[in-house]
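Visitor: Data: target32.txt, compact mmCIF, C-alpha atoms.
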```
# COMPACT_ATOMS: atom_id res chain seq x y z
CA GLU A 2 -24.34 -27.80 29.69
CA ASP A 3 -25.73 -29.06 33.00
CA GLN A 4 -24.96 -26.93 36.06
CA VAL A 5 -25.44 -27.40 39.80
CA THR A 6 -24.81 -24.56 42.25
CA GLN A 7 -24.86 -24.96 46.02
CA SER A 8 -25.18 -22.32 48.69
CA PRO A 9 -23.91 -21.34 51.10
CA GLU A 10 -20.35 -22.59 50.61
CA ALA A 11 -19.99 -22.97 54.37
CA LEU A 12 -22.48 -22.92 57.24
CA ARG A 13 -21.77 -22.93 60.93
CA LEU A 14 -24.62 -23.86 63.32
CA GLN A 15 -25.04 -24.37 67.01
CA GLU A 16 -26.29 -27.78 68.10
CA GLY A 17 -30.09 -27.76 67.80
CA GLU A 18 -30.20 -24.78 65.43
CA SER A 19 -32.17 -25.88 62.35
CA SER A 20 -31.32 -24.60 58.86
CA SER A 21 -31.44 -25.41 55.14
CA LEU A 22 -28.91 -25.94 52.39
CA ASN A 23 -29.74 -24.89 48.84
CA CYS A 24 -29.02 -26.58 45.52
CA SER A 25 -29.96 -24.76 42.31
CA TYR A 26 -29.79 -26.83 39.17
CA THR A 27 -29.98 -26.49 35.42
CA VAL A 28 -30.11 -30.08 34.23
CA SER A 29 -31.79 -30.83 30.95
CA GLY A 30 -34.39 -33.57 31.28
CA LEU A 31 -33.74 -34.18 34.97
CA ARG A 32 -33.91 -37.88 35.80
CA GLY A 33 -32.70 -37.68 39.36
CA LEU A 34 -31.43 -35.17 41.95
CA PHE A 35 -29.05 -36.72 44.45
CA TRP A 36 -27.77 -35.68 47.87
CA TYR A 37 -24.55 -37.06 49.30
CA ARG A 38 -22.65 -36.54 52.55
CA GLN A 39 -18.85 -36.50 52.48
CA ASP A 40 -16.63 -36.70 55.55
CA PRO A 41 -12.98 -35.56 55.35
CA GLY A 42 -10.79 -38.10 53.55
CA LYS A 43 -13.77 -40.27 52.63
CA GLY A 44 -15.88 -40.86 49.55
CA PRO A 45 -19.39 -39.41 49.25
CA GLU A 46 -22.09 -41.36 51.09
CA PHE A 47 -25.47 -41.60 49.37
CA LEU A 48 -28.37 -39.92 51.22
CA PHE A 49 -31.36 -39.36 48.90
CA THR A 50 -32.62 -39.46 45.32
CA LEU A 51 -35.47 -37.17 44.28
CA TYR A 52 -37.14 -37.75 40.94
CA SER A 53 -39.85 -35.13 40.47
CA ALA A 54 -40.90 -31.70 41.70
CA GLY A 55 -42.85 -31.86 44.94
CA GLU A 56 -41.15 -34.99 46.15
CA GLU A 57 -39.78 -35.11 49.71
CA LYS A 58 -37.64 -37.70 51.49
CA GLU A 59 -36.55 -37.92 55.11
CA LYS A 60 -33.83 -39.67 57.03
CA GLU A 61 -33.34 -38.97 60.73
CA ARG A 62 -32.73 -35.20 61.06
CA LEU A 63 -32.50 -34.64 57.30
CA LYS A 64 -35.29 -33.87 54.84
CA ALA A 65 -34.72 -33.26 51.13
CA THR A 66 -37.23 -31.47 48.90
CA LEU A 67 -37.33 -30.76 45.17
CA THR A 68 -38.83 -28.02 42.99
CA LYS A 69 -38.40 -27.50 39.26
CA LYS A 70 -35.31 -25.36 39.81
CA GLU A 71 -34.01 -26.08 43.30
CA SER A 72 -33.57 -28.68 45.97
CA PHE A 73 -33.27 -28.04 49.69
CA LEU A 74 -31.72 -30.13 52.39
CA HIS A 75 -33.36 -29.24 55.68
CA ILE A 76 -31.50 -30.13 58.86
CA THR A 77 -33.64 -30.21 62.01
CA ALA A 78 -31.99 -29.90 65.42
CA PRO A 79 -28.53 -30.82 64.10
CA LYS A 80 -25.90 -32.57 66.21
CA PRO A 81 -22.10 -32.26 65.96
CA GLU A 82 -21.98 -35.61 64.14
CA ASP A 83 -23.92 -34.02 61.27
CA SER A 84 -20.82 -31.94 60.48
CA ALA A 85 -19.69 -32.82 56.95
CA THR A 86 -19.71 -31.55 53.38
CA TYR A 87 -23.07 -32.05 51.71
CA LEU A 88 -22.99 -32.53 47.94
CA CYS A 89 -25.86 -32.16 45.50
CA ALA A 90 -25.77 -33.75 42.03
CA GLY A 91 -28.08 -34.13 39.04
CA SER A 92 -28.40 -36.54 36.15
CA GLY A 93 -30.45 -35.76 33.07
CA GLY A 94 -31.40 -36.81 29.57
CA SER A 95 -29.33 -39.66 28.21
CA ASN A 96 -26.37 -38.79 30.44
CA TYR A 97 -24.99 -41.49 32.67
CA LYS A 98 -22.85 -38.98 34.55
CA LEU A 99 -23.68 -37.02 37.67
CA THR A 100 -23.03 -33.28 37.63
CA PHE A 101 -22.01 -32.21 41.13
CA GLY A 102 -22.07 -28.89 42.90
CA LYS A 103 -19.08 -27.77 44.96
CA GLY A 104 -20.78 -28.69 48.19
CA THR A 105 -21.71 -26.98 51.45
CA LEU A 106 -19.36 -27.46 54.39
CA LEU A 107 -21.57 -27.77 57.48
CA THR A 108 -20.09 -27.37 60.94
CA VAL A 109 -22.29 -27.99 64.00
CA ASN A 110 -20.83 -26.75 67.25
CA PRO A 111 -21.80 -28.38 70.59
CA ASP B 21 -21.55 -56.93 52.23
CA ALA B 22 -18.40 -55.28 50.92
CA GLY B 23 -18.83 -51.82 49.52
CA VAL B 24 -16.70 -50.24 46.82
CA THR B 25 -13.01 -50.81 47.47
CA GLN B 26 -10.16 -48.83 45.94
CA SER B 27 -6.41 -49.26 45.98
CA PRO B 28 -4.03 -47.82 46.77
CA THR B 29 -5.33 -45.26 49.27
CA HIS B 30 -2.46 -42.85 48.71
CA LEU B 31 0.07 -42.47 45.92
CA ILE B 32 2.90 -40.04 45.21
CA LYS B 33 4.18 -39.80 41.65
CA THR B 34 6.55 -37.56 39.72
CA ARG B 35 5.47 -35.40 36.81
CA GLY B 36 5.61 -37.36 33.54
CA GLN B 37 5.12 -40.75 35.16
CA GLN B 38 2.17 -43.09 34.67
CA VAL B 39 -0.23 -44.39 37.33
CA THR B 40 -2.83 -47.16 37.61
CA LEU B 41 -5.65 -47.03 40.16
CA ARG B 42 -7.88 -50.00 40.93
CA CYS B 43 -11.50 -50.44 41.97
CA SER B 44 -13.76 -53.33 42.98
CA PRO B 45 -17.47 -52.51 42.80
CA LYS B 46 -20.08 -53.17 45.45
CA SER B 47 -21.46 -56.70 45.39
CA GLY B 48 -24.26 -56.97 42.83
CA HIS B 49 -23.17 -53.89 40.87
CA ASP B 50 -21.96 -54.14 37.28
CA THR B 51 -21.32 -50.51 36.30
CA VAL B 52 -18.27 -48.53 37.35
CA SER B 53 -17.72 -44.78 37.08
CA TRP B 54 -14.61 -42.75 37.85
CA TYR B 55 -14.57 -39.21 39.20
CA GLN B 56 -11.81 -36.71 39.96
CA GLN B 57 -12.23 -34.46 42.99
CA ALA B 58 -9.87 -31.54 43.42
CA LEU B 59 -9.53 -29.94 46.84
CA GLY B 60 -12.62 -27.89 47.71
CA GLN B 61 -14.48 -28.95 44.57
CA GLY B 62 -17.24 -31.39 43.74
CA PRO B 63 -16.40 -34.62 41.91
CA GLN B 64 -15.93 -34.34 38.13
CA PHE B 65 -16.98 -37.22 35.87
CA ILE B 66 -14.14 -38.94 34.01
CA PHE B 67 -15.88 -41.93 32.40
CA GLN B 68 -18.20 -44.88 32.98
CA TYR B 69 -17.72 -48.54 32.12
CA TYR B 70 -20.40 -51.13 31.54
CA GLU B 71 -20.01 -54.58 29.97
CA GLU B 72 -16.26 -53.93 29.69
CA GLU B 73 -16.78 -50.92 27.42
CA GLU B 74 -16.51 -47.19 27.98
CA ARG B 75 -20.10 -46.01 27.83
CA GLN B 76 -19.64 -42.29 28.38
CA ARG B 77 -16.68 -39.97 28.82
CA GLY B 78 -16.37 -36.57 30.47
CA ASN B 79 -14.11 -33.68 29.47
CA PHE B 80 -10.79 -35.33 30.22
CA PRO B 81 -7.87 -35.77 27.82
CA ASP B 82 -6.84 -39.07 26.28
CA ARG B 83 -4.12 -39.37 28.92
CA PHE B 84 -6.92 -40.74 31.07
CA SER B 85 -7.94 -44.26 30.09
CA GLY B 86 -9.67 -47.13 31.75
CA HIS B 87 -10.59 -50.74 31.64
CA GLN B 88 -13.27 -52.98 33.06
CA PHE B 89 -12.70 -56.68 33.64
CA PRO B 90 -15.18 -59.56 33.36
CA ASN B 91 -15.60 -59.57 37.15
CA TYR B 92 -16.73 -55.89 36.89
CA SER B 93 -13.62 -54.51 38.60
CA SER B 94 -11.98 -51.57 36.91
CA GLU B 95 -8.73 -49.69 36.46
CA LEU B 96 -8.03 -46.03 35.78
CA ASN B 97 -4.76 -45.23 34.02
CA VAL B 98 -3.26 -41.77 33.74
CA ASN B 99 -0.24 -41.20 31.51
CA ALA B 100 2.23 -38.32 31.41
CA LEU B 101 1.17 -37.02 34.82
CA LEU B 102 0.86 -33.27 35.33
CA LEU B 103 0.92 -31.36 38.59
CA GLY B 104 -2.76 -30.55 37.98
CA ASP B 105 -3.65 -34.24 38.11
CA SER B 106 -3.17 -34.16 41.88
CA ALA B 107 -6.61 -34.96 43.32
CA LEU B 108 -8.78 -37.54 45.02
CA TYR B 109 -9.85 -40.15 42.47
CA LEU B 110 -13.17 -41.72 43.30
CA CYS B 111 -14.63 -44.92 41.96
CA ALA B 112 -18.38 -45.42 42.10
CA SER B 113 -20.49 -48.41 41.25
CA SER B 114 -24.16 -48.83 40.43
CA ALA B 115 -26.59 -51.43 39.22
CA ARG B 116 -27.77 -51.26 35.63
CA GLN B 117 -31.40 -51.29 36.66
CA GLY B 118 -32.61 -47.69 36.55
CA ILE B 119 -29.53 -46.85 34.57
CA TYR B 120 -29.97 -43.10 34.35
CA ASN B 121 -30.93 -42.49 37.95
CA SER B 122 -29.45 -45.39 39.84
CA PRO B 123 -27.66 -44.10 42.96
CA LEU B 124 -23.89 -44.28 42.81
CA HIS B 125 -22.05 -45.88 45.72
CA PHE B 126 -18.56 -44.44 46.15
CA GLY B 127 -15.34 -45.84 47.48
CA ASN B 128 -13.08 -43.79 49.74
CA GLY B 129 -10.84 -42.86 46.85
CA THR B 130 -7.17 -42.78 45.99
CA ARG B 131 -5.33 -39.61 46.94
CA LEU B 132 -2.85 -38.93 44.11
CA THR B 133 -0.10 -36.39 44.61
CA VAL B 134 2.05 -35.41 41.64
CA THR B 135 5.34 -33.67 42.46
```
Go ahead and render the structure in this file as structure tokens.
Guide:
Amino acid sequence: EDQVTQSPEALRLQEGESSSLNCSYTVSGLRGLFWYRQDPGKGPEFLFTLYSAGEEKEKERLKATLTKKESFLHITAPKPEDSATYLCAGSGGSNYKLTFGKGTLLTVNP
Amino acid sequence: DAGVTQSPTHLIKTRGQQVTLRCSPKSGHDTVSWYQQALGQGPQFIFQYYEEEERQRGNFPDRFSGHQFPNYSSELNVNALLLGDSALYLCASSARQGIYNSPLHFGNGTRLTVT
């Protein structure tokens, strides 16, 4: 069965303090690794899709990378508005579903 | 360009009752998926609809059923509600192109509370 594990569960940073979030996955026949941002009371907002090991994608202060077993979401010089829960999910084989991790709750203090 | 819309936003039901949640997909999308998100957890896949048929189902009992209409909108029905059904129910839409790895676009969900 596909599994996605995210760490840490919660991360508190000072504004400008760069860090990384981890997503370990066991997804048979990975077809895509997805990152989403979720604000309280809202649905997940799509950030990135990564398709193969070695791939990287960037958007503003965020950069997502992918290896054969893990994905990282690097946050450079974060701002308070980056505070949210970041979700990682994988799809594989002939599955149409996404398997999500529990998320990392990021808090950026001014 | 309207995104995914869900109604109602909040709902309170009594144990044993039945509930229907509604979803309109993003313009240009023809595939609808439903997810359940308990507090502090990631979303869990319930099922996906395409061409008005259930294409795949997650590990949810038959009390959970759905429907997709010709205009691609969808409903999620839950019968015989249990306290454990209290959660945020998320609808997500996608385009069929790139069917296995097409990004899902989520609505803001329906918060269901069962008392």
Visitor: Would you compute the distance between CA of Ser92 in chain A and CA of Ser29 in chain A? Give it in Å to one decimal.
Guide: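 Answer for the CA of Ser92 in chain A to CA of Ser29 in chain A separation: 8.4 Å.
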Visitor: Up to 8 Å from (-39.4, -33.7, 41.8) in the file's coordinates: name the residues, counting only C-alpha atoms, as a compact mmCIF listing (two decimals) with C-alpha atoms, in the frame of the given file.
Guide:
```
# COMPACT_ATOMS: atom_id res chain seq x y z
CA LEU A 51 -35.47 -37.17 44.28
CA TYR A 52 -37.14 -37.75 40.94
CA SER A 53 -39.85 -35.13 40.47
CA ALA A 54 -40.90 -31.70 41.70
CA GLY A 55 -42.85 -31.86 44.94
CA GLU A 56 -41.15 -34.99 46.15
CA THR A 66 -37.23 -31.47 48.90
CA LEU A 67 -37.33 -30.76 45.17
CA THR A 68 -38.83 -28.02 42.99
CA LYS A 69 -38.40 -27.50 39.26
```
Visitor: Given all atoms listed in the file, how would the per-residue table for chain A near chain B read, listing every residue at most 8 Å away with its closest atom pair and distance in Å to one decimal, sorted by chain and number, as a Markdown table?
Guide:
```
| residue | atom | partner | partner_atom | distance |
| --- | --- | --- | --- | --- |
| A:Arg32 | CA | B:Asn121 | CA | 5.9 |
| A:Gly33 | CA | B:Asn121 | CA | 5.3 |
| A:Phe35 | CA | B:Pro123 | CA | 7.7 |
| A:Gly42 | CA | B:Asn128 | CA | 7.2 |
| A:Lys43 | CA | B:Asn128 | CA | 4.6 |
| A:Gly44 | CA | B:Asn128 | CA | 4.1 |
| A:Pro45 | CA | B:Phe126 | CA | 6.0 |
| A:Glu46 | CA | B:Phe126 | CA | 6.8 |
| A:Phe47 | CA | B:His125 | CA | 6.6 |
| A:Thr50 | CA | B:Pro123 | CA | 7.2 |
| A:Leu88 | CA | B:Gly62 | CA | 7.2 |
| A:Ser92 | CA | B:Asn121 | CA | 6.7 |
| A:Gly93 | CA | B:Tyr120 | CA | 7.5 |
| A:Ser95 | CA | B:Tyr120 | CA | 7.1 |
| A:Asn96 | CA | B:Tyr120 | CA | 6.8 |
| A:Tyr97 | CA | B:Tyr120 | CA | 5.5 |
| A:Lys98 | CA | B:Phe65 | CA | 6.3 |
| A:Leu99 | CA | B:Phe65 | CA | 6.9 |
| A:Thr100 | CA | B:Gln64 | CA | 7.2 |
| A:Phe101 | CA | B:Gly62 | CA | 5.5 |
| A:Gly102 | CA | B:Gly62 | CA | 5.5 |
| A:Lys103 | CA | B:Gly62 | CA | 4.2 |
| A:Gly104 | CA | B:Gly62 | CA | 6.3 |
```
Visitor: Kindly indicate which residue among A:Ala90, A:Leu107, A:Leu22, A:Leu34 lies nearest to Lys64 in chain A, using only C-alpha atoms for the distances.
Guide: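 Once distances to Lys64 in chain A are computed over only C-alpha atoms, the minimum belongs to A:Leu22.
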Visitor: Quote the spacing between CA of Asn99 in chain B and CA of Arg42 in chain B in Å to one decimal place.
Guide: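 Atom-to-atom, CA of Asn99 in chain B and CA of Arg42 in chain B are spaced 15.0 Å apart.
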Visitor: What would range 56-67 of chain A look like with all heavy atoms in place, written as a PDB file, in the coordinates of the input?
Guide:
```
ATOM      1  N   GLU A  56     -41.530 -33.814  45.384  1.00  0.00           N
ATOM      2  CA  GLU A  56     -41.150 -34.990  46.150  1.00  0.00           C
ATOM      3  C   GLU A  56     -40.335 -34.601  47.382  1.00  0.00           C
ATOM      4  O   GLU A  56     -39.568 -33.641  47.350  1.00  0.00           O
ATOM      5  CB  GLU A  56     -40.319 -35.937  45.268  1.00  0.00           C
ATOM      6  CG  GLU A  56     -40.043 -37.293  45.895  1.00  0.00           C
ATOM      7  CD  GLU A  56     -39.337 -38.234  44.930  1.00  0.00           C
ATOM      8  OE1 GLU A  56     -39.036 -37.817  43.794  1.00  0.00           O
ATOM      9  OE2 GLU A  56     -39.091 -39.388  45.333  1.00  0.00           O
ATOM     10  N   GLU A  57     -40.521 -35.325  48.474  1.00  0.00           N
ATOM     11  CA  GLU A  57     -39.780 -35.110  49.710  1.00  0.00           C
ATOM     12  C   GLU A  57     -39.311 -36.478  50.234  1.00  0.00           C
ATOM     13  O   GLU A  57     -40.024 -37.471  50.093  1.00  0.00           O
ATOM     14  CB  GLU A  57     -40.649 -34.448  50.778  1.00  0.00           C
ATOM     15  CG  GLU A  57     -41.150 -33.076  50.417  1.00  0.00           C
ATOM     16  CD  GLU A  57     -41.955 -32.444  51.543  1.00  0.00           C
ATOM     17  OE1 GLU A  57     -42.217 -33.134  52.556  1.00  0.00           O
ATOM     18  OE2 GLU A  57     -42.324 -31.260  51.409  1.00  0.00           O
ATOM     19  N   LYS A  58     -38.128 -36.481  50.841  1.00  0.00           N
ATOM     20  CA  LYS A  58     -37.640 -37.700  51.490  1.00  0.00           C
ATOM     21  C   LYS A  58     -36.974 -37.317  52.797  1.00  0.00           C
ATOM     22  O   LYS A  58     -36.359 -36.253  52.908  1.00  0.00           O
ATOM     23  CB  LYS A  58     -36.660 -38.441  50.572  1.00  0.00           C
ATOM     24  CG  LYS A  58     -37.360 -39.119  49.409  1.00  0.00           C
ATOM     25  CD  LYS A  58     -36.473 -40.093  48.683  1.00  0.00           C
ATOM     26  CE  LYS A  58     -37.273 -40.793  47.590  1.00  0.00           C
ATOM     27  NZ  LYS A  58     -36.414 -41.660  46.753  1.00  0.00           N
ATOM     28  N   GLU A  59     -37.095 -38.202  53.790  1.00  0.00           N
ATOM     29  CA  GLU A  59     -36.550 -37.920  55.110  1.00  0.00           C
ATOM     30  C   GLU A  59     -35.684 -39.074  55.597  1.00  0.00           C
ATOM     31  O   GLU A  59     -35.917 -40.248  55.268  1.00  0.00           O
ATOM     32  CB  GLU A  59     -37.687 -37.718  56.126  1.00  0.00           C
ATOM     33  CG  GLU A  59     -38.463 -36.454  55.951  1.00  0.00           C
ATOM     34  CD  GLU A  59     -39.437 -36.210  57.101  1.00  0.00           C
ATOM     35  OE1 GLU A  59     -38.970 -36.100  58.252  1.00  0.00           O
ATOM     36  OE2 GLU A  59     -40.643 -36.132  56.844  1.00  0.00           O
ATOM     37  N   LYS A  60     -34.688 -38.683  56.392  1.00  0.00           N
ATOM     38  CA  LYS A  60     -33.830 -39.670  57.030  1.00  0.00           C
ATOM     39  C   LYS A  60     -33.283 -39.035  58.295  1.00  0.00           C
ATOM     40  O   LYS A  60     -32.491 -38.087  58.233  1.00  0.00           O
ATOM     41  CB  LYS A  60     -32.687 -40.077  56.102  1.00  0.00           C
ATOM     42  CG  LYS A  60     -31.721 -41.083  56.681  1.00  0.00           C
ATOM     43  CD  LYS A  60     -30.624 -41.411  55.673  1.00  0.00           C
ATOM     44  CE  LYS A  60     -29.639 -42.398  56.238  1.00  0.00           C
ATOM     45  NZ  LYS A  60     -28.577 -42.733  55.244  1.00  0.00           N
ATOM     46  N   GLU A  61     -33.734 -39.510  59.421  1.00  0.00           N
ATOM     47  CA  GLU A  61     -33.340 -38.970  60.730  1.00  0.00           C
ATOM     48  C   GLU A  61     -33.580 -37.463  60.753  1.00  0.00           C
ATOM     49  O   GLU A  61     -34.720 -37.033  60.604  1.00  0.00           O
ATOM     50  CB  GLU A  61     -31.887 -39.335  61.014  1.00  0.00           C
ATOM     51  CG  GLU A  61     -31.659 -40.840  61.148  1.00  0.00           C
ATOM     52  CD  GLU A  61     -30.228 -41.217  61.455  1.00  0.00           C
ATOM     53  OE1 GLU A  61     -29.369 -40.316  61.570  1.00  0.00           O
ATOM     54  OE2 GLU A  61     -29.956 -42.411  61.596  1.00  0.00           O
ATOM     55  N   ARG A  62     -32.556 -36.645  60.929  1.00  0.00           N
ATOM     56  CA  ARG A  62     -32.730 -35.200  61.060  1.00  0.00           C
ATOM     57  C   ARG A  62     -32.713 -34.484  59.709  1.00  0.00           C
ATOM     58  O   ARG A  62     -32.796 -33.261  59.658  1.00  0.00           O
ATOM     59  CB  ARG A  62     -31.637 -34.635  61.958  1.00  0.00           C
ATOM     60  CG  ARG A  62     -31.718 -35.150  63.394  1.00  0.00           C
ATOM     61  CD  ARG A  62     -30.560 -34.643  64.233  1.00  0.00           C
ATOM     62  NE  ARG A  62     -29.278 -35.191  63.804  1.00  0.00           N
ATOM     63  CZ  ARG A  62     -28.862 -36.409  64.094  1.00  0.00           C
ATOM     64  NH1 ARG A  62     -29.626 -37.219  64.811  1.00  0.00           N
ATOM     65  NH2 ARG A  62     -27.682 -36.846  63.678  1.00  0.00           N
ATOM     66  N   LEU A  63     -32.616 -35.224  58.630  1.00  0.00           N
ATOM     67  CA  LEU A  63     -32.500 -34.640  57.300  1.00  0.00           C
ATOM     68  C   LEU A  63     -33.781 -34.826  56.494  1.00  0.00           C
ATOM     69  O   LEU A  63     -34.392 -35.899  56.531  1.00  0.00           O
ATOM     70  CB  LEU A  63     -31.344 -35.282  56.526  1.00  0.00           C
ATOM     71  CG  LEU A  63     -29.955 -35.170  57.138  1.00  0.00           C
ATOM     72  CD1 LEU A  63     -28.951 -35.937  56.280  1.00  0.00           C
ATOM     73  CD2 LEU A  63     -29.531 -33.726  57.283  1.00  0.00           C
ATOM     74  N   LYS A  64     -34.168 -33.776  55.770  1.00  0.00           N
ATOM     75  CA  LYS A  64     -35.290 -33.870  54.840  1.00  0.00           C
ATOM     76  C   LYS A  64     -34.910 -33.150  53.556  1.00  0.00           C
ATOM     77  O   LYS A  64     -34.487 -31.988  53.592  1.00  0.00           O
ATOM     78  CB  LYS A  64     -36.564 -33.256  55.396  1.00  0.00           C
ATOM     79  CG  LYS A  64     -37.741 -33.403  54.432  1.00  0.00           C
ATOM     80  CD  LYS A  64     -39.079 -33.027  55.066  1.00  0.00           C
ATOM     81  CE  LYS A  64     -39.305 -31.555  55.104  1.00  0.00           C
ATOM     82  NZ  LYS A  64     -40.688 -31.225  55.536  1.00  0.00           N
ATOM     83  N   ALA A  65     -35.040 -33.851  52.426  1.00  0.00           N
ATOM     84  CA  ALA A  65     -34.720 -33.260  51.130  1.00  0.00           C
ATOM     85  C   ALA A  65     -36.013 -33.013  50.359  1.00  0.00           C
ATOM     86  O   ALA A  65     -36.925 -33.837  50.371  1.00  0.00           O
ATOM     87  CB  ALA A  65     -33.816 -34.197  50.328  1.00  0.00           C
ATOM     88  N   THR A  66     -36.065 -31.842  49.708  1.00  0.00           N
ATOM     89  CA  THR A  66     -37.230 -31.470  48.900  1.00  0.00           C
ATOM     90  C   THR A  66     -36.765 -31.041  47.528  1.00  0.00           C
ATOM     91  O   THR A  66     -35.598 -30.658  47.334  1.00  0.00           O
ATOM     92  CB  THR A  66     -38.027 -30.340  49.568  1.00  0.00           C
ATOM     93  OG1 THR A  66     -37.185 -29.189  49.677  1.00  0.00           O
ATOM     94  CG2 THR A  66     -38.506 -30.746  50.954  1.00  0.00           C
ATOM     95  N   LEU A  67     -37.681 -31.068  46.558  1.00  0.00           N
ATOM     96  CA  LEU A  67     -37.330 -30.760  45.170  1.00  0.00           C
ATOM     97  C   LEU A  67     -38.401 -29.900  44.523  1.00  0.00           C
ATOM     98  O   LEU A  67     -39.597 -30.186  44.639  1.00  0.00           O
ATOM     99  CB  LEU A  67     -37.159 -32.051  44.364  1.00  0.00           C
ATOM    100  CG  LEU A  67     -36.717 -31.900  42.904  1.00  0.00           C
ATOM    101  CD1 LEU A  67     -35.302 -31.328  42.816  1.00  0.00           C
ATOM    102  CD2 LEU A  67     -36.793 -33.243  42.177  1.00  0.00           C
TER     103      LEU A  67
END
```
